[in-house]
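Visitor: Got target_31.cif for you, mmCIF, C-alpha atoms:
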```cif
data_entry
#
loop_
_atom_site.group_PDB
_atom_site.id
_atom_site.type_symbol
_atom_site.label_atom_id
_atom_site.label_comp_id
_atom_site.auth_asym_id
_atom_site.auth_seq_id
_atom_site.Cartn_x
_atom_site.Cartn_y
_atom_site.Cartn_z
ATOM 1 C CA MET T 1 27.520 -59.753 -76.523
ATOM 2 C CA ASN T 2 26.734 -63.002 -74.684
ATOM 3 C CA ILE T 3 26.127 -62.596 -70.957
ATOM 4 C CA LEU T 4 25.753 -65.082 -68.110
ATOM 5 C CA ALA T 5 24.034 -63.523 -65.086
ATOM 6 C CA VAL T 6 23.218 -64.901 -61.649
ATOM 7 C CA ASP T 7 21.211 -63.675 -58.672
ATOM 8 C CA THR T 8 21.575 -65.501 -55.358
ATOM 9 C CA SER T 9 20.885 -62.519 -53.128
ATOM 10 C CA GLY T 10 17.667 -63.875 -51.595
ATOM 11 C CA ASN T 11 15.632 -67.034 -51.264
ATOM 12 C CA VAL T 12 15.322 -67.136 -55.049
ATOM 13 C CA CYS T 13 18.172 -68.573 -57.086
ATOM 14 C CA SER T 14 18.137 -67.399 -60.687
ATOM 15 C CA VAL T 15 20.409 -67.793 -63.718
ATOM 16 C CA ALA T 16 20.052 -66.255 -67.173
ATOM 17 C CA VAL T 17 21.889 -66.232 -70.484
ATOM 18 C CA LEU T 18 21.431 -63.205 -72.723
ATOM 19 C CA ALA T 19 22.509 -61.944 -76.113
ATOM 20 C CA ASP T 20 22.765 -58.201 -75.492
ATOM 21 C CA GLU T 21 19.389 -57.384 -73.870
ATOM 22 C CA LYS T 22 17.600 -60.447 -75.241
ATOM 23 C CA ILE T 23 17.020 -63.147 -72.628
ATOM 24 C CA ILE T 24 17.745 -66.453 -74.362
ATOM 25 C CA SER T 25 17.291 -68.706 -71.337
ATOM 26 C CA GLU T 26 16.394 -68.063 -67.709
ATOM 27 C CA THR T 27 16.209 -70.548 -64.846
ATOM 28 C CA TYR T 28 14.445 -69.639 -61.604
ATOM 29 C CA LEU T 29 14.072 -71.584 -58.383
ATOM 30 C CA ASP T 30 12.115 -70.381 -55.348
ATOM 31 C CA ASN T 31 12.129 -73.530 -53.278
ATOM 32 C CA LYS T 32 14.552 -73.176 -50.402
ATOM 33 C CA ARG T 33 17.788 -71.322 -49.835
ATOM 34 C CA ASN T 34 20.309 -73.959 -50.802
ATOM 35 C CA HIS T 35 22.173 -72.020 -53.458
ATOM 36 C CA SER T 36 25.498 -73.759 -52.886
ATOM 37 C CA VAL T 37 23.890 -76.976 -54.156
ATOM 38 C CA THR T 38 21.528 -75.647 -56.833
ATOM 39 C CA LEU T 39 23.494 -72.842 -58.524
ATOM 40 C CA GLY T 40 26.006 -75.006 -60.416
ATOM 41 C CA PRO T 41 23.404 -77.361 -61.957
ATOM 42 C CA MET T 42 21.183 -74.378 -62.798
ATOM 43 C CA ILE T 43 24.036 -72.729 -64.699
ATOM 44 C CA ASP T 44 24.700 -75.962 -66.600
ATOM 45 C CA GLU T 45 21.008 -76.281 -67.494
ATOM 46 C CA CYS T 46 20.719 -72.673 -68.621
ATOM 47 C CA MET T 47 23.836 -72.921 -70.779
ATOM 48 C CA LYS T 48 22.603 -76.129 -72.443
ATOM 49 C CA ARG T 49 19.227 -74.569 -73.220
ATOM 50 C CA SER T 50 21.028 -71.613 -74.769
ATOM 51 C CA GLU T 51 23.259 -73.959 -76.809
ATOM 52 C CA MET T 52 26.342 -72.224 -75.458
ATOM 53 C CA THR T 53 29.398 -73.056 -73.405
ATOM 54 C CA LEU T 54 31.250 -70.793 -71.017
ATOM 55 C CA ASP T 55 33.728 -70.090 -73.829
ATOM 56 C CA ASP T 56 30.880 -68.308 -75.647
ATOM 57 C CA ILE T 57 30.250 -65.917 -72.760
ATOM 58 C CA ASP T 58 31.710 -62.438 -73.219
ATOM 59 C CA LEU T 59 30.625 -60.882 -69.929
ATOM 60 C CA PHE T 60 29.369 -62.062 -66.558
ATOM 61 C CA GLY T 61 26.762 -60.343 -64.400
ATOM 62 C CA CYS T 62 26.311 -60.777 -60.663
ATOM 63 C CA ALA T 63 23.737 -59.415 -58.223
ATOM 64 C CA ILE T 64 25.902 -58.141 -55.377
ATOM 65 C CA GLY T 65 23.218 -57.262 -52.834
ATOM 66 C CA PRO T 66 22.013 -56.130 -50.464
ATOM 67 C CA GLY T 67 20.461 -59.395 -49.377
ATOM 68 C CA SER T 68 21.401 -62.702 -47.824
ATOM 69 C CA PHE T 69 25.039 -62.582 -46.682
ATOM 70 C CA THR T 70 25.583 -66.272 -47.442
ATOM 71 C CA GLY T 71 23.722 -66.142 -50.751
ATOM 72 C CA LEU T 72 25.711 -63.154 -51.937
ATOM 73 C CA ARG T 73 29.006 -64.875 -51.214
ATOM 74 C CA ILE T 74 27.926 -67.966 -53.155
ATOM 75 C CA GLY T 75 26.938 -66.009 -56.256
ATOM 76 C CA ALA T 76 29.987 -63.746 -56.164
ATOM 77 C CA GLY T 77 32.252 -66.727 -55.558
ATOM 78 C CA ILE T 78 31.194 -68.634 -58.657
ATOM 79 C CA ILE T 79 31.292 -65.550 -60.879
ATOM 80 C CA LYS T 80 34.758 -64.706 -59.564
ATOM 81 C CA ALA T 81 35.857 -68.244 -60.459
ATOM 82 C CA PHE T 82 34.470 -67.945 -64.000
ATOM 83 C CA CYS T 83 36.129 -64.556 -64.494
ATOM 84 C CA HIS T 84 39.452 -65.771 -63.146
ATOM 85 C CA ALA T 85 39.432 -68.895 -65.316
ATOM 86 C CA SER T 86 38.368 -67.098 -68.497
ATOM 87 C CA GLY T 87 40.146 -63.786 -68.045
ATOM 88 C CA LYS T 88 36.858 -62.012 -68.766
ATOM 89 C CA LYS T 89 35.135 -59.341 -66.714
ATOM 90 C CA CYS T 90 31.910 -59.029 -64.788
ATOM 91 C CA VAL T 91 29.424 -56.312 -63.911
ATOM 92 C CA ALA T 92 28.366 -55.867 -60.291
ATOM 93 C CA VAL T 93 24.623 -55.141 -60.241
ATOM 94 C CA ASN T 94 22.900 -53.858 -57.128
ATOM 95 C CA THR T 95 19.960 -56.137 -56.294
ATOM 96 C CA LEU T 96 17.669 -53.174 -55.635
ATOM 97 C CA ASP T 97 18.434 -51.831 -59.131
ATOM 98 C CA ALA T 98 17.728 -55.236 -60.665
ATOM 99 C CA LEU T 99 14.380 -55.473 -58.868
ATOM 100 C CA ALA T 100 13.379 -52.066 -60.223
ATOM 101 C CA GLN T 101 14.373 -53.288 -63.689
ATOM 102 C CA ASN T 102 11.654 -55.957 -63.343
ATOM 103 C CA LEU T 103 9.140 -53.111 -63.666
ATOM 104 C CA GLU T 104 10.815 -51.218 -66.512
ATOM 105 C CA GLY T 105 8.266 -49.054 -68.301
ATOM 106 C CA ASP T 106 5.982 -48.633 -65.293
ATOM 107 C CA LYS T 107 5.033 -44.960 -65.077
ATOM 108 C CA ARG T 108 4.678 -45.004 -61.307
ATOM 109 C CA VAL T 109 7.421 -44.415 -58.779
ATOM 110 C CA VAL T 110 9.066 -47.789 -58.101
ATOM 111 C CA CYS T 111 10.327 -48.700 -54.640
ATOM 112 C CA SER T 112 12.493 -51.814 -54.314
ATOM 113 C CA VAL T 113 12.295 -53.379 -50.859
ATOM 114 C CA ILE T 114 14.224 -56.401 -49.601
ATOM 115 C CA ASP T 115 13.293 -58.027 -46.312
ATOM 116 C CA ALA T 116 16.044 -57.245 -43.786
ATOM 117 C CA ARG T 117 14.315 -59.040 -40.882
ATOM 118 C CA ARG T 118 12.123 -57.726 -38.103
ATOM 119 C CA THR T 119 10.450 -54.626 -39.528
ATOM 120 C CA ASP T 120 13.524 -53.482 -41.486
ATOM 121 C CA VAL T 121 13.957 -53.370 -45.246
ATOM 122 C CA TYR T 122 16.738 -52.529 -47.655
ATOM 123 C CA SER T 123 15.252 -49.997 -50.040
ATOM 124 C CA ALA T 124 15.791 -47.637 -52.950
ATOM 125 C CA VAL T 125 13.351 -45.462 -54.908
ATOM 126 C CA TYR T 126 13.273 -45.026 -58.701
ATOM 127 C CA ASN T 127 11.611 -42.654 -61.130
ATOM 128 C CA GLY T 128 11.763 -44.372 -64.476
ATOM 129 C CA SER T 129 15.319 -45.609 -64.962
ATOM 130 C CA ASN T 130 16.716 -43.095 -62.475
ATOM 131 C CA ARG T 131 17.404 -43.925 -58.842
ATOM 132 C CA VAL T 132 16.242 -40.957 -56.761
ATOM 133 C CA SER T 133 17.274 -42.130 -53.292
ATOM 134 C CA GLN T 134 20.272 -43.662 -51.628
ATOM 135 C CA TYR T 135 20.467 -47.389 -50.933
ATOM 136 C CA ARG T 136 19.165 -47.568 -47.367
ATOM 137 C CA ALA T 137 18.339 -49.896 -44.502
ATOM 138 C CA MET T 138 15.290 -48.565 -42.654
ATOM 139 C CA GLN T 139 12.023 -49.534 -41.003
ATOM 140 C CA ILE T 140 9.097 -50.167 -43.330
ATOM 141 C CA ASP T 141 6.905 -47.695 -41.429
ATOM 142 C CA GLU T 142 9.444 -44.915 -41.959
ATOM 143 C CA LEU T 143 9.608 -45.684 -45.671
ATOM 144 C CA LEU T 144 5.832 -45.657 -46.100
ATOM 145 C CA GLU T 145 5.575 -42.347 -44.268
ATOM 146 C CA GLU T 146 8.291 -40.840 -46.446
ATOM 147 C CA LEU T 147 6.523 -41.849 -49.683
ATOM 148 C CA LYS T 148 3.067 -40.700 -48.587
ATOM 149 C CA GLY T 149 1.147 -38.834 -51.274
ATOM 150 C CA GLN T 150 2.976 -40.420 -54.230
ATOM 151 C CA GLU T 151 1.791 -43.116 -56.637
ATOM 152 C CA VAL T 152 4.209 -45.894 -55.771
ATOM 153 C CA VAL T 153 4.506 -49.575 -56.652
ATOM 154 C CA PHE T 154 6.677 -51.771 -54.410
ATOM 155 C CA VAL T 155 8.766 -54.684 -55.703
ATOM 156 C CA GLY T 156 10.960 -57.242 -53.925
ATOM 157 C CA ASP T 157 10.408 -59.856 -51.235
ATOM 158 C CA GLY T 158 9.688 -57.011 -48.815
ATOM 159 C CA SER T 159 6.656 -56.151 -50.943
ATOM 160 C CA ILE T 160 5.348 -59.675 -50.326
ATOM 161 C CA ARG T 161 6.117 -59.799 -46.629
ATOM 162 C CA PHE T 162 4.637 -56.351 -45.960
ATOM 163 C CA LYS T 163 1.964 -56.490 -48.678
ATOM 164 C CA GLU T 164 -0.971 -55.802 -46.359
ATOM 165 C CA LEU T 165 0.819 -52.918 -44.660
ATOM 166 C CA ILE T 166 1.862 -51.400 -47.995
ATOM 167 C CA GLU T 167 -1.582 -51.646 -49.565
ATOM 168 C CA THR T 168 -3.301 -50.360 -46.433
ATOM 169 C CA ALA T 169 -1.068 -47.290 -46.734
ATOM 170 C CA GLY T 170 -2.489 -46.723 -50.227
ATOM 171 C CA PHE T 171 0.356 -48.079 -52.353
ATOM 172 C CA SER T 172 0.541 -50.927 -54.866
ATOM 173 C CA THR T 173 2.665 -54.080 -54.959
ATOM 174 C CA ALA T 174 4.130 -55.842 -57.993
ATOM 175 C CA ASN T 175 2.438 -58.964 -59.275
ATOM 176 C CA THR T 176 3.880 -62.359 -58.402
ATOM 177 C CA ALA T 177 5.741 -62.733 -61.716
ATOM 178 C CA SER T 178 7.660 -59.486 -61.205
ATOM 179 C CA ALA T 179 8.049 -59.284 -57.446
ATOM 180 C CA LEU T 180 11.215 -61.300 -56.836
ATOM 181 C CA GLN T 181 14.791 -61.388 -58.097
ATOM 182 C CA ARG T 182 15.388 -62.352 -61.732
ATOM 183 C CA ALA T 183 18.771 -62.979 -63.278
ATOM 184 C CA GLY T 184 17.363 -61.712 -66.572
ATOM 185 C CA SER T 185 17.129 -58.224 -65.098
ATOM 186 C CA VAL T 186 20.680 -58.552 -63.754
ATOM 187 C CA GLY T 187 21.806 -59.504 -67.266
ATOM 188 C CA ILE T 188 20.073 -56.538 -68.910
ATOM 189 C CA LEU T 189 21.711 -54.095 -66.498
ATOM 190 C CA SER T 190 25.038 -55.859 -66.997
ATOM 191 C CA TYR T 191 24.787 -55.247 -70.735
ATOM 192 C CA ARG T 192 23.844 -51.593 -70.260
ATOM 193 C CA ASN T 193 26.686 -51.065 -67.806
ATOM 194 C CA ALA T 194 29.323 -53.148 -69.554
ATOM 195 C CA ALA T 195 31.691 -50.167 -69.503
ATOM 196 C CA SER T 196 31.852 -50.475 -65.703
ATOM 197 C CA ALA T 197 32.856 -54.157 -65.751
ATOM 198 C CA VAL T 198 35.473 -55.211 -63.220
ATOM 199 C CA SER T 199 37.926 -58.060 -62.795
ATOM 200 C CA ALA T 200 37.440 -61.103 -60.585
ATOM 201 C CA TYR T 201 39.548 -59.457 -57.898
ATOM 202 C CA GLU T 202 37.378 -56.314 -57.807
ATOM 203 C CA LEU T 203 33.981 -58.000 -57.489
ATOM 204 C CA GLU T 204 32.686 -57.726 -53.929
ATOM 205 C CA PRO T 205 29.258 -58.188 -52.308
ATOM 206 C CA PHE T 206 27.382 -55.060 -51.217
ATOM 207 C CA TYR T 207 26.058 -55.737 -47.720
ATOM 208 C CA LEU T 208 24.711 -52.226 -46.886
ATOM 209 C CA ARG T 209 24.921 -53.018 -43.190
ATOM 210 C CA LYS T 210 27.179 -55.158 -41.049
ATOM 211 C CA THR T 211 26.466 -58.814 -40.397
ATOM 212 C CA GLN T 212 24.797 -59.750 -37.129
ATOM 213 C CA ALA T 213 28.029 -61.398 -35.976
ATOM 214 C CA GLU T 214 29.913 -58.133 -36.572
ATOM 215 C CA ARG T 215 27.258 -56.123 -34.740
ATOM 216 C CA VAL T 216 27.305 -58.500 -31.759
ATOM 217 C CA TYR T 217 31.114 -58.402 -31.648
ATOM 218 C CA GLU T 218 31.165 -54.595 -31.692
ATOM 219 C CA GLN T 219 28.511 -54.401 -29.000
ATOM 220 C CA LYS T 220 30.399 -56.884 -26.841
ATOM 221 C CA HIS T 221 33.719 -55.040 -27.155
ATOM 222 C CA ARG T 222 32.431 -51.467 -27.118
ATOM 223 C CA GLY T 223 33.153 -51.074 -23.422
ATOM 224 C CA GLU T 224 36.769 -52.193 -23.846
ATOM 225 C CA ARG T 225 37.758 -49.157 -25.898
#
```
Would you mind giving the structure from this file in structure tokens?
Guide:
Amino acid sequence: MNILAVDTSGNVCSVAVLADEKIISETYLDNKRNHSVTLGPMIDECMKRSEMTLDDIDLFGCAIGPGSFTGLRIGAGIIKAFCHASGKKCVAVNTLDALAQNLEGDKRVVCSVIDARRTDVYSAVYNGSNRVSQYRAMQIDELLEELKGQEVVFVGDGSIRFKELIETAGFSTANTASALQRAGSVGILSYRNAASAVSAYELEPFYLRKTQAERVYEQKHRGER
């Protein structure tokens, strides 16, 4: 099964082409968040390296968040377009799951953390391949307190931003090569979860919490109810 996977959920923009779980080609850019400009050319480059065309792709994979609201819409938008044009399906992969996949085989508890601004993170905890917590938005201090006493390795851009705080609390952080989003991990999970593939019309970003604009609107109009 040939898979094209993308992850635009954070500052990193990543594209991968896989044959089943084998990553044939992967393109990764951590320069600046300009995914609307870079994603298309990155897909073209990755497909050429893989010596494939979109007609060769059997399944699409998309990181659906949580993460950057704008980034998520860009990635989901292009995958929706490919699915609609080809009539093929896609797998929606939670970004926190994909980050944990970066550390597959690690015997420690894995905690995926995505920077949600201020001192907040989006997080989920994994024991091996099993997620053992809900997907949550919470303060980093609360998360560290909750995990106290366990051997935990943190992965995700939150592990970079809060590295000193995490390590001071006695935990570990993933190395640079594994810390951030990779479309290859999205592709592997897409293959493993191919039975849950959806149509273009069913693919939606997973925001976990409301946008700032929505929160401001609700706060402004709360007194009118």
Visitor: Apply the PyMOL selection byres ((chain T and resi 31) around 8) to the structure shown and report the selected residues as a ChimeraX atom specification.
Guide: /T:11-12,29-30,32-33
Visitor: Enter the distance from atom CA of Ala16 of chain T to atom CA of Glu202 of chain T, in Å, rounded to one decimal.
Guide: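 Atom-to-atom, atom CA of Ala16 of chain T to atom CA of Glu202 of chain T, that is 22.1 Å.
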Visitor: Which residue gives the smallest distance to Leu144 of chain T among T:Ala63, T:Ile160, T:Val113, T:Leu4, with all atoms listed in the file counted?
Guide: T:Val113
Visitor: Decode the PyMOL selection byres ((chain T and resi 157) around 7) for the given file into explicit residues and return them as a count of residues only.
Guide: 10
Visitor: Using Å and a single decimal, report how far atom CA of Lys89 of chain T sits from atom CA of Gly105 of chain T.
Guide: 28.8 Å
Visitor: Go ahead and compute the interatomic distance for atom CA of Asn102 of chain T and atom CA of Ser185 of chain T, in Å to one decimal.
Guide: 6.2 Å
Visitor: Would you mind listing what lies within 9 Å of Ser36 of chain T as a PyMOL selection string, with all atoms listed in the file counted and same-chain residues fewer than 2 positions away left out?
Guide: chain T and resi 33-34+38-40+71+74-75
Visitor: If the box runs along x, y and z of the file and leaves 5 Å on each side of segment 51-70 of chain T, what are its centre and edge lengths in Å, one decimal, as AutoDock Vina command-line options?
Guide:
```
--center_x 27.1 --center_y -65.0 --center_z -61.7 --size_x 23.3 --size_y 27.8 --size_z 40.1
```
Visitor: Taking the file as I've supplied it (selection: the PyMOL selection byres ((chain T and resi 119-134) around 10)), which residues are included? Please answer as an MDAnalysis selection string.
Guide: chainID T and resid 65:67 95:97 99:101 103:118 135:143 147 152:159 161:162 207:209
Visitor: Hey, which of T:Met52, T:Ala174, T:Val198, T:Gly187 ends up closest to Ser14 of chain T? Count only C-alpha atoms.
Guide: T:Gly187
Visitor: Could you check which of T:Ala76, T:Ile64, T:Asp58, T:His35 is closest to Met1 of chain T, using only C-alpha atoms?
Guide: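 Looking at the shortest contact to Met1 of chain T, the residue is T:Asp58.
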Visitor: Give the answer as one residue: which of T:Cys90, T:Leu18, T:Ala195, T:Ile166 has the shortest atom-to-atom distance to Glu151 of chain T, using only C-alpha atoms?
Guide: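 When distances to Glu151 of chain T are compared using only C-alpha atoms, the smallest one comes from T:Ile166.
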Visitor: Counting all atoms listed in the file, what is within 7 Å of Arg49 of chain T, bar same-chain residues fewer than 3 positions away, as a tab-separated table (two decimals) with C-alpha atoms, in the frame of the given file?
Guide:
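New file out-v1.tsv:
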```tsv
chain	number	residue	atom	x	y	z
T	25	SER	CA	17.29	-68.71	-71.34
T	45	GLU	CA	21.01	-76.28	-67.49
T	46	CYS	CA	20.72	-72.67	-68.62
```
Visitor: Name the residues in contact with Lys48 of chain T at a cut-off of 12 Å, using only C-alpha atoms, excluding same-chain residues fewer than 6 positions from it; report them as a VMD selection string.
Guide: chain T and resid 16 to 17 24 to 27 41 to 42 54 56
Visitor: List as a list in words the protein and nucleic acid residues near Ala169 of chain T, meaning an atom at most 9 Å away when only C-alpha atoms are counted, but skip any in the same chain fewer than 4 places from it.
Guide: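 The filter keeps Leu144, Glu145, Lys148, Glu164 and Leu165 of chain T.
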Visitor: Where atoms are absent from segment 116-127 of chain T, fill them in so it carries N, CA and C atoms, then output it as a short mmCIF file (atom, residue, chain, number, x, y, z; two decimals), keeping the file's coordinate frame.
Guide:
```
data_model
loop_
_atom_site.label_atom_id
_atom_site.label_comp_id
_atom_site.auth_asym_id
_atom_site.auth_seq_id
_atom_site.Cartn_x
_atom_site.Cartn_y
_atom_site.Cartn_z
N ALA T 116 14.80 -57.26 -44.57
CA ALA T 116 16.04 -57.24 -43.79
C ALA T 116 15.80 -57.72 -42.36
N ARG T 117 14.70 -58.45 -42.16
CA ARG T 117 14.32 -59.04 -40.88
C ARG T 117 13.68 -58.01 -39.96
N ARG T 118 12.94 -58.53 -39.01
CA ARG T 118 12.12 -57.73 -38.10
C ARG T 118 11.23 -56.82 -38.95
N THR T 119 11.24 -55.54 -38.71
CA THR T 119 10.45 -54.63 -39.53
C THR T 119 11.34 -53.77 -40.41
N ASP T 120 12.57 -54.23 -40.67
CA ASP T 120 13.52 -53.48 -41.49
C ASP T 120 13.49 -53.96 -42.93
N VAL T 121 13.80 -53.03 -43.83
CA VAL T 121 13.96 -53.37 -45.25
C VAL T 121 15.17 -52.65 -45.79
N TYR T 122 15.79 -53.24 -46.82
CA TYR T 122 16.74 -52.53 -47.66
C TYR T 122 15.90 -51.90 -48.77
N SER T 123 16.13 -50.65 -49.07
CA SER T 123 15.25 -50.00 -50.04
C SER T 123 15.98 -49.00 -50.91
N ALA T 124 15.38 -48.72 -52.07
CA ALA T 124 15.79 -47.64 -52.95
C ALA T 124 14.57 -47.26 -53.79
N VAL T 125 14.50 -45.99 -54.18
CA VAL T 125 13.35 -45.46 -54.91
C VAL T 125 13.79 -45.03 -56.30
N TYR T 126 12.94 -45.28 -57.30
CA TYR T 126 13.27 -45.03 -58.70
C TYR T 126 12.15 -44.27 -59.40
N ASN T 127 12.55 -43.35 -60.25
CA ASN T 127 11.61 -42.65 -61.13
C ASN T 127 12.05 -42.97 -62.55
#
```
